[in-house]
>>> print(open('target.pdb').read())   # PDB, C-alpha atoms, pLDDT in the B column
ATOM      1  CA  MET G   1      64.887 -43.585  12.474  1.00 49.00           C
ATOM      2  CA  ARG G   2      65.355 -44.802   8.904  1.00 54.00           C
ATOM      3  CA  SER G   3      68.080 -43.404   6.655  1.00 56.00           C
ATOM      4  CA  LEU G   4      67.318 -41.401   3.541  1.00 51.00           C
ATOM      5  CA  ALA G   5      68.898 -44.077   1.342  1.00 53.00           C
ATOM      6  CA  SER G   6      66.743 -46.870   2.715  1.00 53.00           C
ATOM      7  CA  THR G   7      63.648 -44.676   2.385  1.00 59.00           C
ATOM      8  CA  SER G   8      64.444 -43.794  -1.249  1.00 66.00           C
ATOM      9  CA  VAL G   9      65.206 -47.376  -2.217  1.00 65.00           C
ATOM     10  CA  GLY G  10      62.045 -48.482  -0.478  1.00 70.00           C
ATOM     11  CA  ALA G  11      59.998 -45.870  -2.347  1.00 74.00           C
ATOM     12  CA  ILE G  12      61.222 -46.690  -5.865  1.00 81.00           C
ATOM     13  CA  GLY G  13      62.391 -50.250  -5.411  1.00 80.00           C
ATOM     14  CA  GLN G  14      65.838 -51.818  -5.365  1.00 81.00           C
ATOM     15  CA  ASP G  15      65.978 -52.501  -9.115  1.00 81.00           C
ATOM     16  CA  ALA G  16      65.053 -48.926 -10.020  1.00 82.00           C
ATOM     17  CA  ALA G  17      67.614 -47.525  -7.543  1.00 80.00           C
ATOM     18  CA  ARG G  18      70.324 -49.784  -8.983  1.00 80.00           C
ATOM     19  CA  ALA G  19      69.442 -48.774 -12.548  1.00 80.00           C
ATOM     20  CA  THR G  20      69.548 -45.072 -11.622  1.00 80.00           C
ATOM     21  CA  MET G  21      72.978 -45.377 -10.005  1.00 77.00           C
ATOM     22  CA  THR G  22      74.337 -47.504 -12.863  1.00 76.00           C
ATOM     23  CA  ALA G  23      73.191 -44.937 -15.417  1.00 75.00           C
ATOM     24  CA  ALA G  24      74.727 -42.059 -13.432  1.00 72.00           C
ATOM     25  CA  PHE G  25      78.129 -43.701 -13.039  1.00 69.00           C
ATOM     26  CA  SER G  26      78.312 -45.256 -16.515  1.00 66.00           C
ATOM     27  CA  ALA G  27      78.075 -41.809 -18.118  1.00 57.00           C
ATOM     28  CA  MET G  28      81.046 -40.689 -16.040  1.00 55.00           C
ATOM     29  CA  ARG G  29      82.984 -43.877 -16.796  1.00 54.00           C
ATOM     30  CA  ASP G  30      82.386 -43.570 -20.559  1.00 52.00           C
ATOM     31  CA  ASP G  31      83.680 -39.984 -20.587  1.00 54.00           C
ATOM     32  CA  ALA G  32      86.853 -40.822 -18.684  1.00 56.00           C
ATOM     33  CA  ASP G  33      90.136 -39.920 -20.350  1.00 58.00           C
ATOM     34  CA  ASN G  34      91.966 -43.238 -20.411  1.00 57.00           C
ATOM     35  CA  THR G  35      95.113 -41.753 -21.977  1.00 58.00           C
ATOM     36  CA  VAL G  36      96.353 -40.247 -18.701  1.00 61.00           C
ATOM     37  CA  PRO G  37      97.594 -43.531 -17.131  1.00 64.00           C
ATOM     38  CA  LYS G  38      99.338 -44.412 -20.409  1.00 68.00           C
ATOM     39  CA  LEU G  39     101.129 -41.042 -20.441  1.00 68.00           C
ATOM     40  CA  ILE G  40     102.250 -41.496 -16.836  1.00 69.00           C
ATOM     41  CA  ALA G  41     103.601 -44.969 -17.639  1.00 71.00           C
ATOM     42  CA  ASP G  42     105.401 -43.660 -20.742  1.00 72.00           C
ATOM     43  CA  ASP G  43     107.030 -40.906 -18.674  1.00 72.00           C
ATOM     44  CA  ALA G  44     108.165 -43.437 -16.083  1.00 71.00           C
ATOM     45  CA  TRP G  45     109.818 -45.637 -18.703  1.00 70.00           C
ATOM     46  CA  ALA G  46     111.507 -42.609 -20.296  1.00 73.00           C
ATOM     47  CA  ALA G  47     112.955 -41.446 -16.955  1.00 75.00           C
ATOM     48  CA  PRO G  48     116.618 -42.164 -16.157  1.00 76.00           C
ATOM     49  CA  SER G  49     117.287 -45.503 -14.523  1.00 82.00           C
ATOM     50  CA  TRP G  50     118.120 -45.910 -10.837  1.00 80.00           C
ATOM     51  CA  ARG G  51     121.668 -46.751 -11.871  1.00 80.00           C
ATOM     52  CA  ASP G  52     121.975 -43.484 -13.796  1.00 86.00           C
ATOM     53  CA  ALA G  53     120.531 -41.553 -10.849  1.00 83.00           C
ATOM     54  CA  ALA G  54     122.982 -43.207  -8.434  1.00 81.00           C
ATOM     55  CA  LEU G  55     125.938 -42.454 -10.703  1.00 84.00           C
ATOM     56  CA  GLU G  56     124.830 -38.819 -10.981  1.00 85.00           C
ATOM     57  CA  TYR G  57     124.504 -38.613  -7.176  1.00 82.00           C
ATOM     58  CA  HIS G  58     128.003 -39.964  -6.580  1.00 81.00           C
ATOM     59  CA  LYS G  59     129.423 -37.680  -9.246  1.00 85.00           C
ATOM     60  CA  ALA G  60     127.760 -34.660  -7.563  1.00 84.00           C
ATOM     61  CA  ARG G  61     129.314 -35.643  -4.206  1.00 80.00           C
ATOM     62  CA  ASP G  62     132.774 -35.040  -5.659  1.00 77.00           C
ATOM     63  CA  GLY G  63     134.476 -37.415  -3.218  1.00 71.00           C
ATOM     64  CA  ARG G  64     132.672 -36.079  -0.103  1.00 72.00           C
ATOM     65  CA  ALA G  65     131.122 -38.548   2.326  1.00 69.00           C
ATOM     66  CA  SER G  66     127.789 -36.758   2.024  1.00 68.00           C
ATOM     67  CA  ILE G  67     126.320 -33.935  -0.017  1.00 63.00           C
ATOM     68  CA  ALA G  68     125.238 -32.261   3.235  1.00 69.00           C
ATOM     69  CA  PRO G  69     128.292 -31.441   5.339  1.00 71.00           C
ATOM     70  CA  TYR G  70     128.162 -32.419   9.013  1.00 75.00           C
ATOM     71  CA  ALA G  71     130.516 -31.311  11.751  1.00 84.00           C
ATOM     72  CA  PRO G  72     132.328 -34.185  13.487  1.00 86.00           C
ATOM     73  CA  LYS G  73     130.666 -33.366  16.843  1.00 90.00           C
ATOM     74  CA  ARG G  74     127.215 -33.482  15.267  1.00 88.00           C
ATOM     75  CA  LEU G  75     127.975 -36.817  13.582  1.00 87.00           C
ATOM     76  CA  ALA G  76     129.184 -38.260  16.898  1.00 91.00           C
ATOM     77  CA  ARG G  77     125.958 -37.109  18.592  1.00 92.00           C
ATOM     78  CA  LEU G  78     123.813 -38.641  15.849  1.00 91.00           C
ATOM     79  CA  ARG G  79     125.710 -41.935  16.094  1.00 92.00           C
ATOM     80  CA  ARG G  80     125.161 -41.992  19.881  1.00 94.00           C
ATOM     81  CA  LEU G  81     121.426 -41.531  19.295  1.00 94.00           C
ATOM     82  CA  LEU G  82     121.420 -44.566  16.983  1.00 93.00           C
ATOM     83  CA  ALA G  83     122.612 -46.863  19.767  1.00 93.00           C
ATOM     84  CA  ASP G  84     120.386 -49.835  20.653  1.00 93.00           C
ATOM     85  CA  ASN G  85     119.762 -48.554  24.173  1.00 95.00           C
ATOM     86  CA  VAL G  86     118.335 -45.195  22.974  1.00 94.00           C
ATOM     87  CA  SER G  87     114.567 -45.126  22.485  1.00 94.00           C
ATOM     88  CA  PHE G  88     112.948 -43.402  19.542  1.00 92.00           C
ATOM     89  CA  GLY G  89     111.298 -40.915  21.909  1.00 93.00           C
ATOM     90  CA  ARG G  90     114.587 -40.029  23.574  1.00 94.00           C
ATOM     91  CA  ALA G  91     116.306 -39.517  20.212  1.00 93.00           C
ATOM     92  CA  TRP G  92     113.402 -37.397  18.964  1.00 93.00           C
ATOM     93  CA  ASN G  93     113.436 -35.203  22.050  1.00 93.00           C
ATOM     94  CA  SER G  94     117.188 -34.808  21.854  1.00 92.00           C
ATOM     95  CA  LEU G  95     116.999 -33.630  18.251  1.00 90.00           C
ATOM     96  CA  HIS G  96     113.920 -31.420  18.501  1.00 89.00           C
ATOM     97  CA  PHE G  97     114.056 -29.761  21.925  1.00 81.00           C
TER      98      PHE G  97
END
>>> encode(input="target.pdb", output="structure tokens")
Amino acid sequence: MRSLASTSVGAIGQDAARATMTAAFSAMRDDADNTVPKLIADDAWAAPSWRDAALEYHKARDGRASIAPYAPKRLARLRRLLADNVSFGRAWNSLHF
């Protein structure tokens, strides 16, 4: 069974099919708003630097080891699950079941 695309190209010819597709996509390409990528790039350059973000993070911690408080027992359990002899599956199951 032949595909619709091969039948259509066969009926009008490869050059005509290529010209039709080129015309369809060139109209869309010509209407594209090319200012959007420039605006995104401008926003990225205007954003605070990684250094500023890190300083803000440490300032927000206010001397705590982590912004999210953990109980000592929970930290000990998490450290045990990070051991080399603990598989990813075992750690996952321990945390989620």
>>> atom_distance(input="target.pdb", atom1="CA of Arg74 (chain G)", atom2="CA of Leu95 (chain G)")
10.6 Å
>>> atom_distance(input="target.pdb", atom1="CA of Arg64 (chain G)", atom2="CA of Arg80 (chain G)")
22.2 Å
>>> atom_distance(input="target.pdb", atom1="CA of Pro69 (chain G)", atom2="CA of Tyr57 (chain G)")
14.9 Å
